[in-house]
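These notes concern the structure reproduced below.
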Amino acid sequence: RDPHGDARRRVERASHRSRSDGSSRVRSEVAERAAKSASAHQRRSSNTRRKKLTETRGSNGMSCHACLGKYAPEAQPLLAAKKEEAAGRSPARIFRDYVHNAALMAIPAALVLVVTACVCLGLGYDLPKITGGLEPGLEFPEPLVVNPPGNARAEAAVVFLHGLGGHARGADGVGIAANLIKLPGVKWIFPDAPVSPVTVEGGRNIPSWYDIDKFTSSIEDFVDDKTRIIQSAQFVTGIVQELVAKDGIAPEKIVLGGFSQGGAVALTAALHGASALGPGVSLGGVFALSSYLPMRDMYPSPMMPDPSTAYRTKVFIVHGDDDAILPLEFGQVTAEKLSAMGADVEFHAMRGMGHERLGDEETAILRQWLAQLV
């Protein structure tokens, strides 16, 4: 055996193992550095993708993941176009788009307002029937119309309203006034009140221009149904407008009047509703038989938009001193109030007369007063 050869081989094997261990360490270090580099590159790529996704969401308001997948290559041109479009909108373009969208929303709203205004303005002045806005189903029947004697052309008109529970037609209706008071060229209109529950009558459905809670001995304690009174007065004003527009009768040749409730509505229509006829226009006159002025504390303001209306209005009042329903005080206070407002008031206290209408004496003085006006 060669001792030196054995030694040389042991040295060579040791050297070979040393080189193998060194190569392994080098390879391990290289692999570790490569892994670290790949991890850092992955993190940078992930951050870049999140940044792009955020920008895209801000420009078009939605996530592209939802519609295009996770940044598929074919989606890139579309995303780039979206970003370019958003960035290229000038302030003028944004303003034009805003105005366009606002106009599209405003047109339907304007149409709704126009339709609503037409309905509101027409409500309460249409003839021959109107339906109360606050009282569903409340309807004013067709009025009784009596043309001038001999069917002559109407040059003047009298609108006569019945009282609580009354009516225009029949032997006991106020329509008999057309026969009792024959005036040449005068057209008579006798409206009928709607049928509705009346508190003072135990809730019975009877013809009434408005509700009455109870009858009182003093006008100070009497409660007015403001809503229904004004509504009925508007209906009467509508009749006046119809007479002016279709019959060609001048407002100053039209007289309103009524008995009890009807007189209260007639006074309200003549004073409160006159503004609907136009500025400075007033009726020929108004008469109230066994009646009163409702809501008198609201005159002249706010019930009478034009205070000068009272100066241009002639008023005729007849009241019995034996009236147990509406005592004489109702007529007296009404006459005093209207006189204080400047109206031309003719007041008659009828001795021994109760709550009644169109007696011989009353009819005679009413005929005389009407003849002066029409």
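Labels for the structure tokens follow display order: chains A, B, ..., residues from 1 in each chain, ligands from 1.
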
Arg204 of chain A surroundings by only C-alpha atoms, 12 Å radius, close-in-sequence under 5 positions cut, as a PyMOL selection string: chain A and resi 164-165+195-199+211-212

Output the selection as a JSON list (two decimals), in the first residue's frame - N, CA and C atoms for each residue.
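Final file, out11.json:
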```json
[["chain", "number", "residue", "atom", "x", "y", "z"],
["A", 164, "LEU", "N", -132.83, 78.22, 5.70],
["A", 164, "LEU", "CA", -132.53, 76.87, 6.17],
["A", 164, "LEU", "C", -133.73, 75.95, 5.99],
["A", 165, "GLY", "N", -133.51, 74.83, 5.31],
["A", 165, "GLY", "CA", -134.59, 73.87, 5.07],
["A", 165, "GLY", "C", -135.55, 74.27, 3.98],
["A", 195, "VAL", "N", -128.07, 69.52, 0.11],
["A", 195, "VAL", "CA", -128.64, 68.81, 1.25],
["A", 195, "VAL", "C", -127.49, 68.26, 2.08],
["A", 196, "SER", "N", -127.45, 68.63, 3.36],
["A", 196, "SER", "CA", -126.35, 68.21, 4.23],
["A", 196, "SER", "C", -126.83, 68.20, 5.69],
["A", 197, "PRO", "N", -126.10, 67.50, 6.57],
["A", 197, "PRO", "CA", -126.51, 67.43, 7.98],
["A", 197, "PRO", "C", -126.44, 68.80, 8.65],
["A", 198, "VAL", "N", -127.42, 69.08, 9.49],
["A", 198, "VAL", "CA", -127.47, 70.35, 10.22],
["A", 198, "VAL", "C", -127.55, 70.04, 11.72],
["A", 199, "THR", "N", -126.60, 70.56, 12.46],
["A", 199, "THR", "CA", -126.49, 70.23, 13.89],
["A", 199, "THR", "C", -127.71, 70.65, 14.68],
["A", 211, "ASP", "N", -123.81, 75.00, 8.09],
["A", 211, "ASP", "CA", -124.27, 74.36, 9.32],
["A", 211, "ASP", "C", -124.52, 75.42, 10.41],
["A", 212, "ILE", "N", -125.46, 75.14, 11.29],
["A", 212, "ILE", "CA", -125.74, 75.99, 12.45],
["A", 212, "ILE", "C", -125.69, 75.10, 13.69]]
```

Which residues in segment 237-351 of chain A does DSSP call helix (DSSP H, G or I)? List them as an NGL selection string. :A and (237-247 or 251-253 or 261-271 or 273-277 or 296-298 or 307-312 or 328-340)

Residues at most 12 Å from segment 251-254 of chain A, counting only C-alpha atoms, excluding those fewer than 6 positions away in the same chain, as an mmCIF file with N, CA and C atoms, in the first residue's frame?
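Okay, this is what ended up in part10.cif:
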```cif
data_model
loop_
_atom_site.group_PDB
_atom_site.id
_atom_site.type_symbol
_atom_site.label_atom_id
_atom_site.label_comp_id
_atom_site.auth_asym_id
_atom_site.auth_seq_id
_atom_site.Cartn_x
_atom_site.Cartn_y
_atom_site.Cartn_z
ATOM 1 N N ALA A 154 -133.216 89.966 -21.065
ATOM 2 C CA ALA A 154 -132.879 90.318 -19.681
ATOM 3 C C ALA A 154 -131.885 91.477 -19.652
ATOM 4 N N GLU A 155 -132.284 92.534 -18.997
ATOM 5 C CA GLU A 155 -131.402 93.691 -18.828
ATOM 6 C C GLU A 155 -130.918 93.830 -17.392
ATOM 7 N N ALA A 156 -131.529 93.064 -16.495
ATOM 8 C CA ALA A 156 -131.134 93.080 -15.076
ATOM 9 C C ALA A 156 -131.461 91.702 -14.508
ATOM 10 N N ALA A 157 -130.951 91.422 -13.314
ATOM 11 C CA ALA A 157 -131.180 90.114 -12.702
ATOM 12 C C ALA A 157 -131.224 90.239 -11.187
ATOM 13 N N VAL A 158 -132.046 89.363 -10.582
ATOM 14 C CA VAL A 158 -132.128 89.268 -9.124
ATOM 15 C C VAL A 158 -131.865 87.813 -8.749
ATOM 16 N N VAL A 159 -130.914 87.601 -7.843
ATOM 17 C CA VAL A 159 -130.589 86.261 -7.347
ATOM 18 C C VAL A 159 -131.115 86.173 -5.923
ATOM 19 N N PHE A 160 -132.079 85.261 -5.692
ATOM 20 C CA PHE A 160 -132.794 85.182 -4.413
ATOM 21 C C PHE A 160 -132.538 83.805 -3.793
ATOM 22 N N GLY A 185 -137.995 93.241 -17.861
ATOM 23 C CA GLY A 185 -136.584 93.077 -18.207
ATOM 24 C C GLY A 185 -135.728 92.454 -17.117
ATOM 25 N N VAL A 186 -136.370 91.934 -16.040
ATOM 26 C CA VAL A 186 -135.603 91.370 -14.910
ATOM 27 C C VAL A 186 -135.676 89.850 -14.947
ATOM 28 N N LYS A 187 -134.524 89.233 -14.903
ATOM 29 C CA LYS A 187 -134.405 87.774 -14.845
ATOM 30 C C LYS A 187 -134.173 87.350 -13.393
ATOM 31 N N TRP A 188 -134.952 86.374 -12.928
ATOM 32 C CA TRP A 188 -134.828 85.904 -11.554
ATOM 33 C C TRP A 188 -134.075 84.566 -11.528
ATOM 34 N N ILE A 189 -133.145 84.450 -10.584
ATOM 35 C CA ILE A 189 -132.409 83.198 -10.365
ATOM 36 C C ILE A 189 -132.663 82.765 -8.926
ATOM 37 N N VAL A 236 -122.510 81.606 -5.338
ATOM 38 C CA VAL A 236 -123.358 82.723 -5.775
ATOM 39 C C VAL A 236 -122.556 83.684 -6.656
ATOM 40 N N THR A 237 -121.306 83.926 -6.297
ATOM 41 C CA THR A 237 -120.460 84.776 -7.130
ATOM 42 C C THR A 237 -120.303 84.176 -8.521
ATOM 43 N N ILE A 239 -122.576 82.480 -10.090
ATOM 44 C CA ILE A 239 -123.813 82.797 -10.815
ATOM 45 C C ILE A 239 -123.741 84.216 -11.380
ATOM 46 N N VAL A 240 -123.218 85.126 -10.599
ATOM 47 C CA VAL A 240 -123.080 86.510 -11.064
ATOM 48 C C VAL A 240 -122.152 86.569 -12.271
ATOM 49 N N GLN A 241 -121.028 85.874 -12.185
ATOM 50 C CA GLN A 241 -120.090 85.866 -13.312
ATOM 51 C C GLN A 241 -120.735 85.297 -14.571
ATOM 52 N N GLU A 242 -121.575 84.290 -14.385
ATOM 53 C CA GLU A 242 -122.276 83.697 -15.520
ATOM 54 C C GLU A 242 -123.249 84.699 -16.143
ATOM 55 N N LEU A 243 -123.948 85.439 -15.314
ATOM 56 C CA LEU A 243 -124.896 86.436 -15.824
ATOM 57 C C LEU A 243 -124.178 87.526 -16.608
ATOM 58 N N VAL A 244 -123.005 87.894 -16.143
ATOM 59 C CA VAL A 244 -122.232 88.935 -16.829
ATOM 60 C C VAL A 244 -121.666 88.406 -18.142
ATOM 61 N N ALA A 245 -121.082 87.199 -18.091
ATOM 62 C CA ALA A 245 -120.383 86.664 -19.264
ATOM 63 C C ALA A 245 -121.333 86.181 -20.358
ATOM 64 N N ALA A 266 -125.930 85.937 0.820
ATOM 65 C CA ALA A 266 -126.004 87.026 -0.159
ATOM 66 C C ALA A 266 -125.149 88.211 0.271
ATOM 67 N N ALA A 270 -121.891 89.600 -1.790
ATOM 68 C CA ALA A 270 -121.860 90.981 -2.287
ATOM 69 C C ALA A 270 -120.646 91.746 -1.779
ATOM 70 N N ALA A 274 -117.160 90.393 -4.196
ATOM 71 C CA ALA A 274 -117.153 91.422 -5.244
ATOM 72 C C ALA A 274 -115.789 91.551 -5.913
ATOM 73 N N SER A 275 -114.716 91.228 -5.176
ATOM 74 C CA SER A 275 -113.375 91.364 -5.747
ATOM 75 C C SER A 275 -113.169 90.444 -6.940
ATOM 76 N N ALA A 276 -113.949 89.336 -7.001
ATOM 77 C CA ALA A 276 -113.817 88.402 -8.123
ATOM 78 C C ALA A 276 -114.346 89.004 -9.422
ATOM 79 N N LEU A 277 -115.120 90.075 -9.338
ATOM 80 C CA LEU A 277 -115.693 90.703 -10.528
ATOM 81 C C LEU A 277 -114.736 91.694 -11.170
ATOM 82 N N GLY A 278 -113.675 92.041 -10.478
ATOM 83 C CA GLY A 278 -112.714 92.992 -11.014
ATOM 84 C C GLY A 278 -112.563 94.195 -10.104
ATOM 85 N N GLY A 280 -112.740 97.720 -8.515
ATOM 86 C CA GLY A 280 -113.688 98.832 -8.607
ATOM 87 C C GLY A 280 -115.080 98.441 -9.035
ATOM 88 N N VAL A 281 -115.358 97.141 -9.191
ATOM 89 C CA VAL A 281 -116.674 96.688 -9.639
ATOM 90 C C VAL A 281 -117.512 96.291 -8.429
ATOM 91 N N SER A 282 -118.768 96.659 -8.431
ATOM 92 C CA SER A 282 -119.684 96.278 -7.358
ATOM 93 C C SER A 282 -121.050 95.980 -7.957
ATOM 94 N N LEU A 283 -121.870 95.320 -7.166
ATOM 95 C CA LEU A 283 -123.208 94.938 -7.621
ATOM 96 C C LEU A 283 -124.196 96.078 -7.444
ATOM 97 N N GLY A 284 -125.392 95.862 -8.016
ATOM 98 C CA GLY A 284 -126.426 96.888 -7.892
ATOM 99 C C GLY A 284 -126.908 97.046 -6.466
ATOM 100 N N GLY A 285 -126.913 95.946 -5.709
ATOM 101 C CA GLY A 285 -127.361 96.013 -4.327
ATOM 102 C C GLY A 285 -127.532 94.620 -3.748
ATOM 103 N N VAL A 286 -127.880 94.565 -2.443
ATOM 104 C CA VAL A 286 -128.096 93.292 -1.761
ATOM 105 C C VAL A 286 -129.172 93.493 -0.703
ATOM 106 N N PHE A 287 -130.097 92.523 -0.596
ATOM 107 C CA PHE A 287 -131.136 92.622 0.437
ATOM 108 C C PHE A 287 -131.080 91.388 1.345
ATOM 109 N N ARG A 312 -119.905 101.551 -2.339
ATOM 110 C CA ARG A 312 -120.616 101.419 -3.610
ATOM 111 C C ARG A 312 -121.778 100.433 -3.526
ATOM 112 N N THR A 313 -122.075 99.915 -2.328
ATOM 113 C CA THR A 313 -123.091 98.877 -2.184
ATOM 114 C C THR A 313 -124.334 99.402 -1.475
ATOM 115 N N LYS A 314 -125.485 99.215 -2.106
ATOM 116 C CA LYS A 314 -126.764 99.566 -1.493
ATOM 117 C C LYS A 314 -127.319 98.330 -0.782
ATOM 118 N N LEU A 370 -136.313 97.454 -5.196
ATOM 119 C CA LEU A 370 -135.731 96.828 -6.366
ATOM 120 C C LEU A 370 -135.967 97.654 -7.637
ATOM 121 N N ALA A 371 -137.141 98.226 -7.740
ATOM 122 C CA ALA A 371 -137.483 99.004 -8.942
ATOM 123 C C ALA A 371 -136.531 100.175 -9.122
ATOM 124 N N GLN A 372 -136.004 100.708 -8.042
ATOM 125 C CA GLN A 372 -135.077 101.829 -8.113
ATOM 126 C C GLN A 372 -133.704 101.400 -8.676
ATOM 127 N N LEU A 373 -133.375 100.126 -8.499
ATOM 128 C CA LEU A 373 -132.036 99.648 -8.871
ATOM 129 C C LEU A 373 -131.983 99.015 -10.249
ATOM 130 N N VAL A 374 -133.061 98.299 -10.628
ATOM 131 C CA VAL A 374 -132.996 97.540 -11.873
ATOM 132 C C VAL A 374 -133.902 98.116 -12.968
#
```

Would you mind listing what lies within 12 Å of Lys214 of chain A as a PyMOL selection string, with only C-alpha atoms counted and same-chain residues fewer than 5 positions away left out? chain A and resi 198-203+219+221-225+325-326

Would you compute the distance between atom CA of Ile206 of chain A and atom CA of Ile181 of chain A? Give it in Å to one decimal.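 So the two atoms, atom CA of Ile206 of chain A and atom CA of Ile181 of chain A, lie 27.7 Å apart.
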
Under the rule that only C-alpha atoms are counted, which of A:Gly258, A:Lys226, A:Asp297, A:Thr216 is the nearest residue to Leu328 of chain A?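 Result for the nearest residue to Leu328 of chain A: A:Thr216.
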
Grab the atom CA of Thr309 of chain A to atom CA of Ala340 of chain A distance for me, in Å with one decimal place. 13.0 Å

Within 12 Å of Ser218 of chain A using only C-alpha atoms, minus same-chain residues under 6 positions, as number ranges by chain: A: 292, 324-333

Of the residues A:Leu267, A:Met298, A:Leu293, A:Ile176, which is the one nearest to Ala233 of chain A, using only C-alpha atoms? A:Leu267

Would you list the contacts of segment 362-365 of chain A as a ChimeraX atom specification, taking every protein, DNA or RNA residue within 10 Å and counting only C-alpha atoms, but skipping same-chain residues closer than 6 positions in sequence? /A:177,180-181,289,316,318-320,348,350,353,356,371

Please write the residues from the selection above to a file, keeping all heavy atoms, as a tab-separated table (two decimals), in the first residue's frame.
```tsv
chain	number	residue	atom	x	y	z
A	177	ALA	N	-141.52	84.78	-5.53
A	177	ALA	CA	-141.19	86.22	-5.60
A	177	ALA	C	-141.27	86.73	-7.03
A	177	ALA	O	-141.61	87.90	-7.27
A	177	ALA	CB	-139.80	86.47	-5.03
A	180	LEU	N	-144.78	87.59	-7.44
A	180	LEU	CA	-145.21	88.68	-6.55
A	180	LEU	C	-144.60	90.02	-6.95
A	180	LEU	O	-145.22	91.08	-6.76
A	180	LEU	CB	-144.81	88.36	-5.12
A	180	LEU	CG	-145.48	87.13	-4.49
A	180	LEU	CD1	-144.90	86.87	-3.10
A	180	LEU	CD2	-146.99	87.30	-4.42
A	181	ILE	N	-143.40	89.96	-7.51
A	181	ILE	CA	-142.70	91.20	-7.88
A	181	ILE	C	-142.35	91.11	-9.36
A	181	ILE	O	-141.28	90.63	-9.74
A	181	ILE	CB	-141.43	91.40	-7.03
A	181	ILE	CG1	-141.75	91.34	-5.54
A	181	ILE	CG2	-140.74	92.71	-7.39
A	181	ILE	CD1	-140.54	91.40	-4.64
A	289	LEU	N	-133.48	89.51	4.30
A	289	LEU	CA	-134.77	89.43	4.97
A	289	LEU	C	-134.65	88.51	6.19
A	289	LEU	O	-134.32	87.34	6.05
A	289	LEU	CB	-135.84	88.89	4.01
A	289	LEU	CG	-135.91	89.54	2.62
A	289	LEU	CD1	-137.00	88.89	1.78
A	289	LEU	CD2	-136.13	91.05	2.74
A	316	PHE	N	-130.47	96.60	1.66
A	316	PHE	CA	-131.86	96.68	2.10
A	316	PHE	C	-132.08	95.57	3.14
A	316	PHE	O	-131.87	94.38	2.86
A	316	PHE	CB	-132.80	96.48	0.90
A	316	PHE	CG	-134.26	96.50	1.22
A	316	PHE	CD1	-134.95	97.69	1.37
A	316	PHE	CD2	-134.96	95.31	1.36
A	316	PHE	CE1	-136.31	97.71	1.65
A	316	PHE	CE2	-136.32	95.31	1.64
A	316	PHE	CZ	-137.00	96.52	1.79
A	318	VAL	N	-134.75	93.99	6.15
A	318	VAL	CA	-136.06	93.93	6.81
A	318	VAL	C	-135.99	92.88	7.89
A	318	VAL	O	-135.53	91.75	7.65
A	318	VAL	CB	-137.19	93.59	5.81
A	318	VAL	CG1	-138.52	93.49	6.54
A	318	VAL	CG2	-137.26	94.62	4.69
A	319	HIS	N	-136.44	93.24	9.12
A	319	HIS	CA	-136.40	92.28	10.23
A	319	HIS	C	-137.63	92.49	11.13
A	319	HIS	O	-137.99	93.63	11.42
A	319	HIS	CB	-135.12	92.47	11.05
A	319	HIS	CG	-134.57	91.19	11.59
A	319	HIS	ND1	-133.44	90.59	11.10
A	319	HIS	CD2	-135.01	90.38	12.61
A	319	HIS	CE1	-133.19	89.47	11.76
A	319	HIS	NE2	-134.14	89.32	12.69
A	320	GLY	N	-138.23	91.38	11.53
A	320	GLY	CA	-139.41	91.49	12.40
A	320	GLY	C	-139.00	91.61	13.86
A	320	GLY	O	-138.03	91.00	14.31
A	348	HIS	N	-135.58	98.32	7.86
A	348	HIS	CA	-136.98	98.35	8.26
A	348	HIS	C	-137.21	97.32	9.36
A	348	HIS	O	-136.97	96.12	9.16
A	348	HIS	CB	-137.90	98.01	7.07
A	348	HIS	CG	-137.85	99.00	5.96
A	348	HIS	ND1	-138.71	100.08	5.86
A	348	HIS	CD2	-137.04	99.08	4.88
A	348	HIS	CE1	-138.43	100.77	4.78
A	348	HIS	NE2	-137.42	100.17	4.16
A	350	MET	N	-140.04	95.50	11.24
A	350	MET	CA	-141.45	95.23	11.01
A	350	MET	C	-142.14	94.83	12.31
A	350	MET	O	-141.79	93.81	12.93
A	350	MET	CB	-141.61	94.11	9.97
A	350	MET	CG	-140.85	94.35	8.67
A	350	MET	SD	-141.45	95.79	7.74
A	350	MET	CE	-143.02	95.16	7.18
A	353	MET	N	-143.92	91.13	13.21
A	353	MET	CA	-143.53	90.10	12.25
A	353	MET	C	-142.52	89.14	12.89
A	353	MET	O	-141.57	89.56	13.56
A	353	MET	CB	-142.91	90.73	10.99
A	353	MET	CG	-142.66	89.71	9.87
A	353	MET	SD	-141.97	90.47	8.36
A	353	MET	CE	-140.24	90.55	8.79
A	356	GLU	N	-140.32	85.18	9.18
A	356	GLU	CA	-141.09	84.86	7.98
A	356	GLU	C	-140.65	85.76	6.84
A	356	GLU	O	-139.91	86.72	7.04
A	356	GLU	CB	-142.58	85.06	8.26
A	356	GLU	CG	-142.90	86.45	8.79
A	356	GLU	CD	-144.31	86.58	9.35
A	356	GLU	OE1	-144.51	86.24	10.53
A	356	GLU	OE2	-145.18	87.02	8.57
A	371	ALA	N	-137.14	98.23	-7.74
A	371	ALA	CA	-137.48	99.00	-8.94
A	371	ALA	C	-136.53	100.17	-9.12
A	371	ALA	O	-136.24	100.60	-10.26
A	371	ALA	CB	-138.92	99.48	-8.86
```
